[in-house]
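Shown below: final_11.cif, with mmCIF, C-alpha atoms.
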data_target
loop_
_atom_site.label_atom_id
_atom_site.label_comp_id
_atom_site.auth_asym_id
_atom_site.auth_seq_id
_atom_site.Cartn_x
_atom_site.Cartn_y
_atom_site.Cartn_z
CA MET A 1 -11.44 10.60 1.52
CA VAL A 2 -11.65 6.82 1.18
CA SER A 3 -15.05 5.49 2.22
CA ILE A 4 -15.93 1.92 3.21
CA THR A 5 -19.09 -0.19 2.94
CA VAL A 6 -19.69 -3.78 4.01
CA GLU A 7 -21.37 -6.14 1.55
CA GLU A 8 -22.48 -9.74 1.94
CA ASN A 9 -22.90 -12.03 -1.05
CA SER A 10 -25.54 -14.74 -1.46
CA TRP A 11 -23.21 -17.33 0.13
CA GLY A 12 -22.82 -15.24 3.28
CA SER A 13 -19.26 -14.06 2.60
CA ARG A 14 -18.51 -10.54 3.78
CA PHE A 15 -16.54 -8.02 1.77
CA LEU A 16 -15.27 -4.56 2.56
CA ILE A 17 -15.73 -2.28 -0.45
CA PHE A 18 -13.56 0.83 -0.55
CA SER A 19 -14.40 3.86 -2.66
CA VAL A 20 -11.09 5.50 -3.56
CA PRO A 21 -11.37 9.07 -4.91
CA LEU A 22 -9.23 10.21 -7.82
CA PRO A 23 -8.65 13.89 -8.62
CA ASN A 24 -9.67 13.87 -12.30
CA HIS A 25 -11.83 10.76 -12.59
CA PRO A 26 -14.76 9.12 -10.82
CA PRO A 27 -13.79 7.06 -7.77
CA VAL A 28 -12.53 3.51 -8.21
CA PHE A 29 -13.45 0.55 -6.02
CA MET A 30 -11.32 -1.95 -4.16
CA SER A 31 -12.34 -4.87 -1.98
CA MET A 32 -11.20 -7.30 0.64
CA LYS A 33 -12.92 -10.52 1.63
CA VAL A 34 -13.26 -10.79 5.38
CA THR A 35 -12.95 -14.29 6.81
CA GLU A 36 -12.54 -15.68 10.29
CA TYR A 37 -9.19 -17.21 9.29
CA ASN A 38 -6.44 -14.93 10.62
CA SER A 39 -8.93 -12.08 11.03
CA ASP A 40 -7.23 -11.04 14.26
CA LYS A 41 -3.87 -10.85 12.48
CA SER A 42 -4.84 -8.97 9.31
CA GLY A 43 -5.84 -5.38 8.97
CA VAL A 44 -6.54 -2.58 6.57
CA VAL A 45 -4.44 0.56 6.48
CA ILE A 46 -5.39 3.69 4.57
CA VAL A 47 -2.03 5.11 3.48
CA ASP A 48 -0.92 8.53 2.28
CA SER A 49 0.25 7.92 -1.30
CA GLU A 50 3.39 10.06 -1.30
CA LYS A 51 4.66 8.82 2.05
CA PHE A 52 3.85 5.23 1.14
CA LEU A 53 5.84 5.61 -2.08
CA GLN A 54 8.86 6.81 -0.07
CA LEU A 55 8.66 3.71 2.14
CA TRP A 56 8.42 1.49 -0.93
CA ARG A 57 11.48 3.19 -2.42
CA ASN A 58 13.35 2.46 0.83
CA GLU A 59 12.84 -1.31 0.39
CA PRO A 60 16.40 -2.69 0.22
CA TYR A 61 15.71 -6.08 -1.39
CA SER A 62 12.94 -5.18 -3.81
CA ILE A 63 12.41 -7.09 -7.02
CA HIS A 64 10.10 -4.20 -7.92
CA ARG A 65 12.75 -1.48 -7.70
CA GLU A 66 12.01 -0.24 -11.23
CA GLN A 67 8.32 0.30 -10.42
CA ALA A 68 9.07 1.80 -7.00
CA ASN A 69 11.43 4.35 -8.51
CA GLY A 70 9.16 5.10 -11.45
CA ASN A 71 6.83 8.05 -11.87
CA PRO A 72 3.48 8.81 -13.53
CA GLU A 73 5.22 9.07 -16.92
CA THR A 74 6.99 5.69 -16.70
CA TRP A 75 4.41 3.57 -14.84
CA PRO A 76 2.05 3.23 -17.85
CA ASN A 77 4.87 1.32 -19.61
CA ASP A 78 4.58 -1.53 -17.09
CA TYR A 79 3.51 -4.69 -18.92
CA LYS A 80 0.48 -5.24 -16.66
CA TYR A 81 -0.61 -1.59 -16.42
CA LEU A 82 -3.44 -1.90 -18.96
CA ALA A 83 -4.78 -4.95 -17.12
CA ALA A 84 -4.92 -2.89 -13.91
CA ALA A 85 -6.74 -0.08 -15.73
CA LYS A 86 -9.25 -2.59 -17.07
CA GLY A 87 -9.70 -4.11 -13.61
CA PHE A 88 -10.49 -0.72 -12.08
CA SER A 89 -12.94 0.06 -14.91
CA HIS A 90 -15.49 -2.51 -13.69
CA GLY A 91 -16.65 -0.30 -10.83
CA TYR A 92 -18.52 -1.16 -7.65
CA ASP A 93 -19.94 -4.44 -8.96
CA ASN A 94 -16.48 -5.95 -9.47
CA PRO A 95 -13.93 -4.11 -7.29
CA VAL A 96 -10.24 -4.99 -7.46
CA PRO A 97 -8.58 -6.67 -4.46
CA LEU A 98 -6.44 -4.68 -2.07
CA ALA A 99 -2.69 -4.92 -2.43
CA HIS A 100 -1.08 -7.03 0.29
CA VAL A 101 1.90 -5.22 1.79
CA SER A 102 4.39 -6.02 4.54
CA HIS A 103 6.30 -3.59 6.71
CA GLY A 104 9.95 -3.91 7.68
CA LYS A 105 12.71 -2.03 9.42
CA GLY A 106 16.27 -1.92 8.25
CA THR A 107 19.58 -0.44 9.29
CA ARG A 108 21.97 1.39 7.02
CA THR A 109 25.43 2.74 7.67
CA ILE A 110 25.88 6.47 7.13
CA VAL A 111 29.48 7.56 6.53
CA SER A 112 30.50 11.19 6.85
CA TYR A 113 33.80 13.05 6.90
CA LYS A 114 34.76 16.12 8.87
CA PHE A 115 37.24 17.32 6.23
CA LEU A 116 37.53 15.70 2.82
CA TRP A 117 38.49 12.06 3.58
CA PHE A 118 39.79 12.74 7.09
CA GLY A 119 37.87 12.32 10.30
CA ARG A 120 35.67 9.50 9.06
CA CYS A 121 32.50 9.02 11.14
CA GLU A 122 30.10 6.11 10.82
CA ARG A 123 26.68 5.84 12.35
CA GLN A 124 23.84 3.37 12.04
CA GLU A 125 20.44 4.66 10.98
CA GLN A 126 17.15 2.77 11.27
CA PHE A 127 14.64 3.12 8.44
CA HIS A 128 11.17 1.84 7.62
CA HIS A 129 10.26 0.17 4.33
CA VAL A 130 7.39 -1.75 2.74
CA GLY A 131 7.33 -4.61 0.28
CA PHE A 132 4.59 -6.24 -1.75
CA THR A 133 3.19 -9.75 -1.65
CA ASN A 134 0.84 -8.72 -4.48
CA GLY A 135 -0.72 -5.57 -5.90
CA VAL A 136 2.24 -3.69 -7.40
CA THR A 137 0.50 -2.84 -10.68
CA ARG A 138 -2.74 -1.82 -8.97
CA THR A 139 -0.71 0.48 -6.75
CA ILE A 140 1.24 2.15 -9.56
CA TRP A 141 -2.03 2.62 -11.45
CA LEU A 142 -3.52 4.45 -8.44
CA LEU A 143 -0.36 6.52 -8.01
CA SER A 144 -0.28 7.46 -11.70
CA GLN A 145 -3.88 8.68 -11.43
CA GLY A 146 -2.91 11.10 -8.64
CA CYS A 147 -4.62 9.18 -5.85
CA ALA A 148 -3.96 10.91 -2.50
CA ALA A 149 -4.71 7.94 -0.22
CA PHE A 150 -5.66 4.30 -0.72
CA PRO A 151 -6.24 1.14 1.32
CA ILE A 152 -3.81 -1.77 1.63
CA GLU A 153 -4.00 -5.08 3.46
CA CYS A 154 -1.26 -5.61 6.02
CA GLU A 155 -0.48 -7.88 8.97
CA MET A 156 -1.52 -6.03 12.14
CA PRO A 157 1.92 -5.89 13.81
CA GLY A 158 3.35 -4.31 10.65
CA ALA A 159 0.36 -2.01 10.25
CA ARG A 160 0.86 -0.61 13.73
CA GLU A 161 4.58 -0.05 13.09
CA LEU A 162 4.10 2.05 9.96
CA PRO A 163 5.15 5.62 10.71
CA PRO A 164 2.13 7.76 11.71
CA GLY A 165 2.49 10.12 8.73
CA VAL A 166 2.12 7.19 6.32
CA ARG A 167 -0.91 5.54 7.85
CA VAL A 168 -4.11 7.51 7.96
CA VAL A 169 -6.28 4.77 9.49
CA VAL A 170 -5.49 1.30 10.83
CA ALA A 171 -8.38 -1.12 11.33
CA SER A 172 -8.38 -4.70 12.57
CA LEU A 173 -10.70 -7.15 10.82
CA LYS A 174 -11.92 -9.01 13.91
CA TRP A 175 -15.68 -9.41 13.53
CA SER A 176 -17.96 -9.64 16.50
CA GLN A 177 -21.25 -11.43 16.04
CA ALA A 178 -24.28 -9.46 17.25
#
Spit out the file's structure as C-alpha cells when you get a sec.
Amino acid sequence: MVSITVEENSWGSRFLIFSVPLPNHPPVFMSMKVTEYNSDKSGVVIVDSEKFLQLWRNEPYSIHREQANGNPETWPNDYKYLAAAKGFSHGYDNPVPLAHVSHGKGTRTIVSYKFLWFGRCERQEQFHHVGFTNGVTRTIWLLSQGCAAFPIECEMPGARELPPGVRVVVASLKWSQA
C-alpha cells in the first residue's frame, strides 16, 4: 500500500512524499510540492497499475502509443529508462516527482453485422482515457517493476471522473492553516 508523509524544507515549502512498494525491491519514493497556487484544482490519485495502463492504452491521440502498448520486456529499451531508474535510486532524500496526468472521455463507433456484411448496425460507445503532461518514463519504470499501485497528479475534475476501479484514493491538496 502506498503511504504518504508530509515534509517541510528549510524555506517552508511543503512536500508530500509517497512510499511506493515494489514486489521484489525496496520501496521507491515520489514527491509533490504543495503550493497555494491552484491547490484547490489539483489533486493526487492513487491508481491501480493494470487498470491505469488500460486507460492509457485507450488514449486516441497519444504521442506515447509505443510506450503505452509496451510491456515489461520492451519498456527498458526506452531511451530515458535508465535515467528513471537512476532517479528512483536516490531514495527518500531525493524522491522523483509525480507524473502529471489528464483524464478524458471519447466516443468511438462500433460496427457490427447480423450476418456477414448484411444487417449493419452502428452504435456509439463512450470510453475513458488518460494522457500524460509529463512522467511517462517514470510510469513505465514503475510498471516494469511490477508496481501494483502508484500516485499521480491530476486536475480534480478529471480525478473525480476516473472510473472507480482505476482510482484507489483521490485527495484534494487544499491546505487549511491551523
What does the PyMOL selection byres ((chain A and resi 107-118) around 12) select in this file, as an NGL selection string?
:A and (58-60 or 104-106 or 119-129)
Residues picked by the PyMOL selection byres ((chain A and resi 161) around 12) here, as JSON, numbers by chain?
{"A": [45, 102, 103, 104, 105, 127, 128, 129, 130, 154, 155, 156, 157, 158, 159, 160, 162, 163, 164, 165, 166, 167, 170]}
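Residue nearest A:Trp75, chosen from A:Ser144, A:Thr5, A:Ser31, A:Ser89 and counting all atoms listed in the file: A:Ser144.
Nearest to A:Arg57 of all the residues A:Gly91, A:Gly131, A:Pro27, A:Gly146 is A:Gly131, counting all atoms listed in the file.
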Using the chain letters and numbers from this file, what does the PyMOL selection byres ((chain A and resi 85) around 10) select? Give the answer as a count of residues only.
15
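Considering the residues A:Ala149, A:Met1, A:Met30, A:Leu55 and counting all atoms listed in the file, A:Gly135 has its shortest atom-to-atom contact with A:Met30.
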Which value, in Å to one decimal, gives the distance between atom CA of A:Phe132 and atom CA of A:Glu8?
27.5 Å
Test item: residues at most 10 Å from stretch 150-152 of chain A, all atoms listed in the file, excluding those fewer than 2 positions along its chain, as a PyMOL selection string
chain A and resi 1-4+18-22+30-32+43-49+52+97-102+135+139+142-143+147-148+154+159+167-170
Output C-alpha atoms of each residue in that selection to a file, as a tab-separated table (two decimals), in the coordinates of the input.
chain	number	residue	atom	x	y	z
A	1	MET	CA	-11.44	10.60	1.52
A	2	VAL	CA	-11.65	6.82	1.18
A	3	SER	CA	-15.05	5.49	2.22
A	4	ILE	CA	-15.93	1.92	3.21
A	18	PHE	CA	-13.56	0.83	-0.55
A	19	SER	CA	-14.40	3.86	-2.66
A	20	VAL	CA	-11.09	5.50	-3.56
A	21	PRO	CA	-11.37	9.07	-4.91
A	22	LEU	CA	-9.23	10.21	-7.82
A	30	MET	CA	-11.32	-1.95	-4.16
A	31	SER	CA	-12.34	-4.87	-1.98
A	32	MET	CA	-11.20	-7.30	0.64
A	43	GLY	CA	-5.84	-5.38	8.97
A	44	VAL	CA	-6.54	-2.58	6.57
A	45	VAL	CA	-4.44	0.56	6.48
A	46	ILE	CA	-5.39	3.69	4.57
A	47	VAL	CA	-2.03	5.11	3.48
A	48	ASP	CA	-0.92	8.53	2.28
A	49	SER	CA	0.25	7.92	-1.30
A	52	PHE	CA	3.85	5.23	1.14
A	97	PRO	CA	-8.58	-6.67	-4.46
A	98	LEU	CA	-6.44	-4.68	-2.07
A	99	ALA	CA	-2.69	-4.92	-2.43
A	100	HIS	CA	-1.08	-7.03	0.29
A	101	VAL	CA	1.90	-5.22	1.79
A	102	SER	CA	4.39	-6.02	4.54
A	135	GLY	CA	-0.72	-5.57	-5.90
A	139	THR	CA	-0.71	0.48	-6.75
A	142	LEU	CA	-3.52	4.45	-8.44
A	143	LEU	CA	-0.36	6.52	-8.01
A	147	CYS	CA	-4.62	9.18	-5.85
A	148	ALA	CA	-3.96	10.91	-2.50
A	154	CYS	CA	-1.26	-5.61	6.02
A	159	ALA	CA	0.36	-2.01	10.25
A	167	ARG	CA	-0.91	5.54	7.85
A	168	VAL	CA	-4.11	7.51	7.96
A	169	VAL	CA	-6.28	4.77	9.49
A	170	VAL	CA	-5.49	1.30	10.83
Hey, can you check how far atom CA of A:Pro72 sits from atom CA of A:Gln54?
14.6 Å
Find the smallest box with edges along x, y and z containing every listed atom of stretch 7-23 of chain A, then add 3 Å on each side and report centre and edge lengths in Å to one decimal, as lines of an AutoDock Vina configuration file.
center_x = -17.1
center_y = -1.7
center_z = -2.4
size_x = 22.9
size_y = 37.2
size_z = 18.4
Pairwise distance, atom CA of A:Asp78 with atom CA of A:Pro23, equals 22.0 Å
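Of the listed residues (A:Asn24, A:Thr133, A:Gln145, A:Asn77), A:Thr133 comes nearest to A:Ser62; the distances count all atoms listed in the file.
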